[in-house]
Each structure stands twice: as C-alpha cells, then as structure tokens.
>>> print(open('input-v4.cif').read())   # mmCIF, C-alpha atoms
data_coords
loop_
_atom_site.label_atom_id
_atom_site.label_comp_id
_atom_site.auth_asym_id
_atom_site.auth_seq_id
_atom_site.Cartn_x
_atom_site.Cartn_y
_atom_site.Cartn_z
CA MET A 548 110.86 71.27 110.09
CA ALA A 549 109.09 74.52 111.00
CA GLN A 550 112.42 76.16 111.74
CA LYS A 551 113.82 74.97 108.40
CA SER A 552 110.78 76.43 106.60
CA LEU A 553 111.27 79.79 108.26
CA GLN A 554 115.00 79.76 107.54
CA GLN A 555 114.28 79.03 103.89
CA LEU A 556 111.76 81.88 103.66
CA THR A 557 114.17 84.26 105.37
CA LEU A 558 116.95 83.31 102.97
CA ARG A 559 114.66 83.70 99.94
CA THR A 560 113.62 87.15 101.16
CA LYS A 561 117.23 88.25 101.55
CA LEU A 562 118.23 86.93 98.13
CA LEU A 563 115.15 87.86 96.11
CA THR A 564 114.11 91.31 97.31
CA ASP A 565 115.36 94.83 97.63
CA GLU A 566 113.58 98.17 98.09
CA LYS A 567 112.60 98.37 94.41
CA ALA A 568 111.90 94.80 93.30
CA ILE A 569 111.05 91.18 93.91
CA TYR A 570 113.25 88.98 91.72
CA GLN A 571 112.60 85.55 90.28
CA ARG A 572 116.19 84.35 90.62
CA ALA A 573 119.31 85.00 92.65
CA GLY A 574 122.88 83.80 92.62
CA LYS A 575 125.97 84.23 94.75
CA ASN A 576 126.10 87.94 93.91
CA GLY A 577 122.44 88.63 94.61
CA PRO A 578 119.40 89.03 92.36
CA GLU A 579 119.74 87.88 88.75
CA GLY A 580 116.99 89.26 86.59
CA TYR A 581 113.26 89.01 86.22
CA ALA A 582 112.80 92.06 88.45
CA ASN A 583 109.10 92.42 89.28
CA TRP A 584 108.09 89.64 86.91
CA GLY A 585 104.42 89.14 87.70
CA ARG A 586 104.34 85.37 87.97
CA GLY A 587 107.56 85.37 89.99
CA THR A 588 105.93 87.67 92.53
CA VAL A 589 102.97 85.27 92.61
CA TRP A 590 105.20 82.37 93.67
CA TYR A 591 106.90 84.60 96.21
CA LEU A 592 103.68 85.87 97.85
CA LEU A 593 101.74 82.60 97.70
CA GLY A 594 104.75 80.75 99.08
CA ILE A 595 104.97 83.05 102.08
CA VAL A 596 101.26 83.23 102.92
CA LYS A 597 100.65 79.50 102.58
CA THR A 598 103.73 78.65 104.64
CA LEU A 599 102.64 81.11 107.34
CA HIS A 600 99.22 79.46 107.37
CA LEU A 601 100.69 75.99 107.91
CA LEU A 602 103.06 77.23 110.59
CA LYS A 603 100.20 78.99 112.35
CA GLN A 604 98.14 75.78 112.30
CA GLY A 605 101.13 73.99 113.82
CA LYS A 606 101.37 76.66 116.51
CA PHE A 607 104.83 77.87 115.48
CA THR A 608 103.99 81.58 115.64
CA ASN A 609 106.36 82.07 118.57
CA GLN A 610 109.38 81.75 116.28
CA PRO A 611 111.02 85.18 115.69
CA GLU A 612 111.24 84.48 111.97
CA PHE A 613 107.46 83.98 111.86
CA GLN A 614 106.86 87.63 112.75
CA GLU A 615 109.54 88.68 110.25
CA MET A 616 107.85 86.72 107.48
CA GLU A 617 104.44 88.07 108.41
CA ALA A 618 105.86 91.59 108.13
CA GLU A 619 107.55 90.69 104.83
CA PHE A 620 104.28 89.37 103.40
CA LYS A 621 102.54 92.63 104.30
CA ARG A 622 105.41 94.68 102.85
CA ALA A 623 105.48 92.68 99.62
CA ALA A 624 101.68 92.84 99.25
CA LYS A 625 101.77 96.62 99.62
CA PHE A 626 104.62 96.82 97.11
CA VAL A 627 102.72 94.69 94.56
CA ALA A 628 99.39 96.48 95.14
CA GLN A 629 100.79 99.76 93.86
CA TYR A 630 101.07 98.24 90.38
CA GLN A 631 97.50 96.95 90.08
CA ASN A 632 95.90 98.82 87.19
CA THR A 633 92.47 100.49 87.18
CA ASP A 634 90.84 97.27 85.91
CA GLY A 635 92.33 95.38 88.85
CA LEU A 636 94.92 93.48 86.83
CA TRP A 637 98.72 93.37 86.67
CA TYR A 638 101.23 93.44 83.83
CA SER A 639 103.74 90.76 82.91
CA PHE A 640 106.39 92.90 84.59
CA LEU A 641 104.46 94.72 87.29
CA ASP A 642 106.17 98.08 86.94
CA ARG A 643 106.22 98.07 83.12
CA PRO A 644 102.71 98.60 81.65
CA ALA A 645 104.10 98.22 78.11
CA THR A 646 104.54 94.50 78.87
CA GLU A 647 100.73 94.13 78.83
CA ILE A 648 98.28 92.32 81.07
CA ASP A 649 99.22 88.86 82.33
CA THR A 650 96.21 86.92 83.58
CA THR A 651 98.31 84.38 85.47
CA ALA A 652 100.06 87.11 87.42
CA SER A 653 96.72 88.80 88.03
CA ALA A 654 94.96 85.63 89.21
CA GLY A 655 97.88 84.57 91.40
CA LEU A 656 98.45 87.95 93.02
CA ALA A 657 94.74 88.35 93.68
CA ALA A 658 94.71 84.85 95.20
CA ALA A 659 97.61 85.83 97.48
CA PHE A 660 95.69 88.95 98.53
CA GLY A 661 92.58 86.85 99.16
CA TRP A 662 94.51 84.33 101.25
CA GLY A 663 96.24 87.15 103.10
CA TYR A 664 92.92 88.73 103.99
CA LYS A 665 91.17 85.47 104.94
CA LEU A 666 94.09 84.42 107.14
CA GLY A 667 94.18 87.77 108.92
CA TYR A 668 97.42 89.18 107.52
CA LEU A 669 95.91 91.84 105.23
CA ASP A 670 93.05 94.29 105.65
CA GLY A 671 89.85 94.65 103.63
CA GLU A 672 91.46 96.86 101.00
CA TYR A 673 93.29 93.77 99.69
CA TRP A 674 90.08 91.73 99.69
CA GLN A 675 88.53 94.36 97.43
CA LYS A 676 91.58 94.30 95.16
CA ALA A 677 91.23 90.51 94.86
CA ARG A 678 87.52 90.79 94.02
CA GLN A 679 88.18 93.47 91.41
CA ALA A 680 90.83 91.31 89.75
CA TYR A 681 88.49 88.32 89.72
CA SER A 682 85.72 90.35 88.12
CA SER A 683 88.06 91.57 85.37
CA LEU A 684 89.57 88.13 84.80
CA LEU A 685 86.17 86.67 83.93
CA SER A 686 86.29 88.50 80.59
CA TYR A 687 89.44 86.51 79.69
CA ILE A 688 87.75 83.10 79.98
CA THR A 689 87.00 81.32 76.70
CA PRO A 690 83.59 79.69 76.06
CA ASP A 691 85.17 76.30 76.77
CA GLY A 692 86.56 77.49 80.11
CA PHE A 693 90.21 78.40 79.55
CA LEU A 694 91.92 81.53 80.81
CA THR A 695 93.51 83.48 77.97
CA HIS A 696 96.18 86.17 77.84
CA MET A 697 98.81 84.57 80.04
CA SER A 698 102.45 85.31 79.52
CA GLN A 699 104.58 82.54 78.08
CA ILE A 700 106.68 80.20 80.21
CA ASN A 701 109.86 81.88 81.37
CA ARG A 702 112.28 79.52 79.58
CA GLY A 703 112.13 81.94 76.66
CA GLY A 704 113.79 84.64 78.74
CA GLU A 705 112.77 88.08 79.83
CA GLU A 706 112.37 89.32 76.27
CA LEU A 707 109.61 86.79 75.57
CA GLN A 708 107.87 87.68 78.84
CA ALA A 709 107.97 91.37 78.03
CA ASN A 710 106.94 91.30 74.36
CA GLY A 711 103.18 90.90 74.75
CA TYR A 712 102.95 87.41 73.24
CA ARG A 713 100.18 85.66 75.20
CA VAL A 714 98.89 82.08 75.30
CA ILE A 715 96.24 79.85 76.84
CA SER A 716 97.41 77.28 79.40
CA GLN A 717 95.75 74.99 81.90
CA PHE A 718 97.92 75.99 84.85
CA ALA A 719 96.50 79.50 84.66
CA LEU A 720 93.19 77.96 85.67
CA GLY A 721 94.79 76.66 88.87
CA LEU A 722 95.63 80.18 89.96
CA LEU A 723 92.16 81.41 88.98
CA GLY A 724 90.69 78.41 90.82
CA GLN A 725 92.55 79.36 94.00
CA LEU A 726 91.21 82.88 93.70
CA ASN A 727 87.67 81.62 93.09
CA PHE A 728 87.89 79.26 96.07
CA ILE A 729 89.09 81.89 98.50
CA LEU A 730 86.50 84.42 97.33
CA MET A 731 83.67 81.88 97.68
CA ASP A 732 84.83 80.51 101.05
CA LYS A 733 82.35 81.66 103.70
CA ARG A 734 84.58 80.94 106.73
#
>>> encode(input="input-v4.cif", output="structure tokens")
Amino acid sequence: MAQKSLQQLTLRTKLLTDEKAIYQRAGKNGPEGYANWGRGTVWYLLGIVKTLHLLKQGKFTNQPEFQEMEAEFKRAAKFVAQYQNTDGLWYSFLDRPATEIDTTASAGLAAAFGWGYKLGYLDGEYWQKARQAYSSLLSYITPDGFLTHMSQINRGGEELQANGYRVISQFALGLLGQLNFILMDKR
C-alpha cells in the first residue's frame, strides 16, 4: 500500500506540474487548465505532506520515491511561497493578483506550510508565513464564526474562480481549523 501511495503521488506530480505551474487537472495530453488555482495547489501540497507523514510513521522512508516526494513538497512550497502577498494571503489564481484574495487557498496553503514545518520538511521561514496568513485570515471571520471571501466551487469554471465573486462556506473553516490546530500544537 505504501508503494502504491508513492506511485500515485509520483504520477500526480508528473501530470500536474511543470516549471511554471501546478495544475488542478490533467488528461492524456498533460495539464488541462486551472494553472496555479489556489485551492488546487492546497489539495496538491496537503496531499503530499500528509501522505509523507503517514509513510514516515509507517517507516517507509527508505523508498526512493519517498525522497523524491519530499523534494517535490519542498519545491512546490517554495514555488507557492513566492506568490504570498504582503498581508500573508494568496489570490484565487496564485500568480494573478487581479483574481483577488481567496481565504480557502490562503488557509489551506498556510496549513500545508505549518504541517511541513512541524513535520521537519520546511524551515522556520514557512512557519512564519503560516502565522502571518493566520493573523490576516482572522479579519475575514464573521461574528458568528464563518470564514468569508472564499472563491466559489470550481464547477463554474475558471472564469467564475477568477472574477472576484466570493462566498461563505463551511468547508473553508476546515482548512482554517487545520491551520489553527497546527499553529497551536506544542509538540
């Protein structure tokens, strides 16, 4: 099962990344849109770091693909970090500021950075980036506890993601909750 997990991550990396983007989808001919979509990069980074954590717990770090995925996580984190804005947040499409802030992308990417730091894959610079994002995200919480300013679900296509229309949704709180947990964890 560990080998299958690593094979799946390796395949996803080959299909969903190139030197200029992380893509949400791929087909037989390679990447198919949603280049640098914030929430897509969240799923990519969280998927890698959490799988690495489980494989490490299971003592599967001797697999060659494990080291490859560890290196890929570091590469992807560095790639994503360059797009964090001065407030510590990310845009709906990371490399396109005109697409506006997306709190789900920001919470999820900061959570991935926090997990990466806590698990020993990233250095303290990423921990600080996660903390900065968390601090900025607090201003997007409603009085009744919801996270605002998240980009719409992606079924509406790239145009909807890019147009600045933002909503409130419960799942955004799950990403913020992961970030909160990792920042408060004293281990």
>>> closest_residue(input="input-v4.cif", among="A:Ala658, A:Pro690, A:Phe607, A:Gly594", to="A:Gln675", atoms="only C-alpha atoms")
A:Ala658
>>> atom_distance(input="input-v4.cif", atom1="atom CA of A:Met697", atom2="atom CA of A:Val714")
5.4 Å
>>> residues_near_point(input="input-v4.cif", point="(97.8, 98.3, 94.1)", cutoff="12 Å", atoms="all atoms listed in the file", output="CSV table (one decimal) with C-alpha atoms, in the frame of the given file")
chain,number,residue,atom,x,y,z
A,623,ALA,CA,105.5,92.7,99.6
A,624,ALA,CA,101.7,92.8,99.2
A,625,LYS,CA,101.8,96.6,99.6
A,626,PHE,CA,104.6,96.8,97.1
A,627,VAL,CA,102.7,94.7,94.6
A,628,ALA,CA,99.4,96.5,95.1
A,629,GLN,CA,100.8,99.8,93.9
A,630,TYR,CA,101.1,98.2,90.4
A,631,GLN,CA,97.5,97.0,90.1
A,632,ASN,CA,95.9,98.8,87.2
A,633,THR,CA,92.5,100.5,87.2
A,634,ASP,CA,90.8,97.3,85.9
A,635,GLY,CA,92.3,95.4,88.8
A,636,LEU,CA,94.9,93.5,86.8
A,637,TRP,CA,98.7,93.4,86.7
A,638,TYR,CA,101.2,93.4,83.8
A,641,LEU,CA,104.5,94.7,87.3
A,642,ASP,CA,106.2,98.1,86.9
A,653,SER,CA,96.7,88.8,88.0
A,656,LEU,CA,98.4,88.0,93.0
A,657,ALA,CA,94.7,88.4,93.7
A,660,PHE,CA,95.7,89.0,98.5
A,672,GLU,CA,91.5,96.9,101.0
A,673,TYR,CA,93.3,93.8,99.7
A,674,TRP,CA,90.1,91.7,99.7
A,675,GLN,CA,88.5,94.4,97.4
A,676,LYS,CA,91.6,94.3,95.2
A,677,ALA,CA,91.2,90.5,94.9
A,679,GLN,CA,88.2,93.5,91.4
A,680,ALA,CA,90.8,91.3,89.8
>>> residues_near_point(input="input-v4.cif", point="(99.1, 74.6, 84.9)", cutoff="12 Å", atoms="all atoms listed in the file", output="PyMOL selection string")
chain A and resi 651+655+693-694+697+699-700+715-724
>>> atom_distance(input="input-v4.cif", atom1="atom CA of A:Ala659", atom2="atom CA of A:Asn576")
28.8 Å
>>> closest_residue(input="input-v4.cif", among="A:Thr646, A:Tyr581, A:Leu553, A:Ala654", to="A:Glu612", atoms="only C-alpha atoms")
A:Leu553
>>> residues_around(input="input-v4.cif", residues="stretch 559-567 of chain A", least_positions_apart="6", cutoff="7 Å", atoms="all atoms listed in the file", output="list in words")
Ala573, Gly577 and Pro578 of chain A
>>> resolve_selection(input="input-v4.cif", expression="the PyMOL selection byres ((chain A and resi 549) around 10)", output="ChimeraX atom specification")
/A:548,550-555,598-599,601-602,605-608,610,613
>>> closest_residue(input="input-v4.cif", among="A:Phe640, A:Ile648, A:Ile688, A:Glu619", to="A:Gly580", atoms="all atoms listed in the file")
A:Phe640
>>> atom_distance(input="input-v4.cif", atom1="atom CA of A:Met616", atom2="atom CA of A:Gly587")
17.5 Å
>>> resolve_selection(input="input-v4.cif", expression="the PyMOL selection byres ((chain A and resi 668) around 9)", output="PDB file with C-alpha atoms, keeping the file's coordinate frame")
ATOM      1  CA  VAL A 596     101.260  83.230 102.920  1.00  0.00           C
ATOM      2  CA  GLU A 617     104.440  88.070 108.410  1.00  0.00           C
ATOM      3  CA  ALA A 618     105.860  91.590 108.130  1.00  0.00           C
ATOM      4  CA  PHE A 620     104.280  89.370 103.400  1.00  0.00           C
ATOM      5  CA  LYS A 621     102.540  92.630 104.300  1.00  0.00           C
ATOM      6  CA  TRP A 662      94.510  84.330 101.250  1.00  0.00           C
ATOM      7  CA  GLY A 663      96.240  87.150 103.100  1.00  0.00           C
ATOM      8  CA  TYR A 664      92.920  88.730 103.990  1.00  0.00           C
ATOM      9  CA  LYS A 665      91.170  85.470 104.940  1.00  0.00           C
ATOM     10  CA  LEU A 666      94.090  84.420 107.140  1.00  0.00           C
ATOM     11  CA  GLY A 667      94.180  87.770 108.920  1.00  0.00           C
ATOM     12  CA  LEU A 669      95.910  91.840 105.230  1.00  0.00           C
ATOM     13  CA  ASP A 670      93.050  94.290 105.650  1.00  0.00           C
TER      14      ASP A 670
END
>>> closest_residue(input="input-v4.cif", among="A:Thr650, A:Ser698, A:Ser639, A:Thr557", to="A:Trp584", atoms="only C-alpha atoms")
A:Ser639
>>> closest_residue(input="input-v4.cif", among="A:Ile729, A:Asp649, A:Ala582, A:Leu558", to="A:Ser683", atoms="all atoms listed in the file")
A:Asp649
>>> resolve_selection(input="input-v4.cif", expression="the PyMOL selection byres ((chain A and resi 711) around 6)", output="list in words")
Thr646, Glu647, Ala709, Asn710 and Tyr712 of chain A
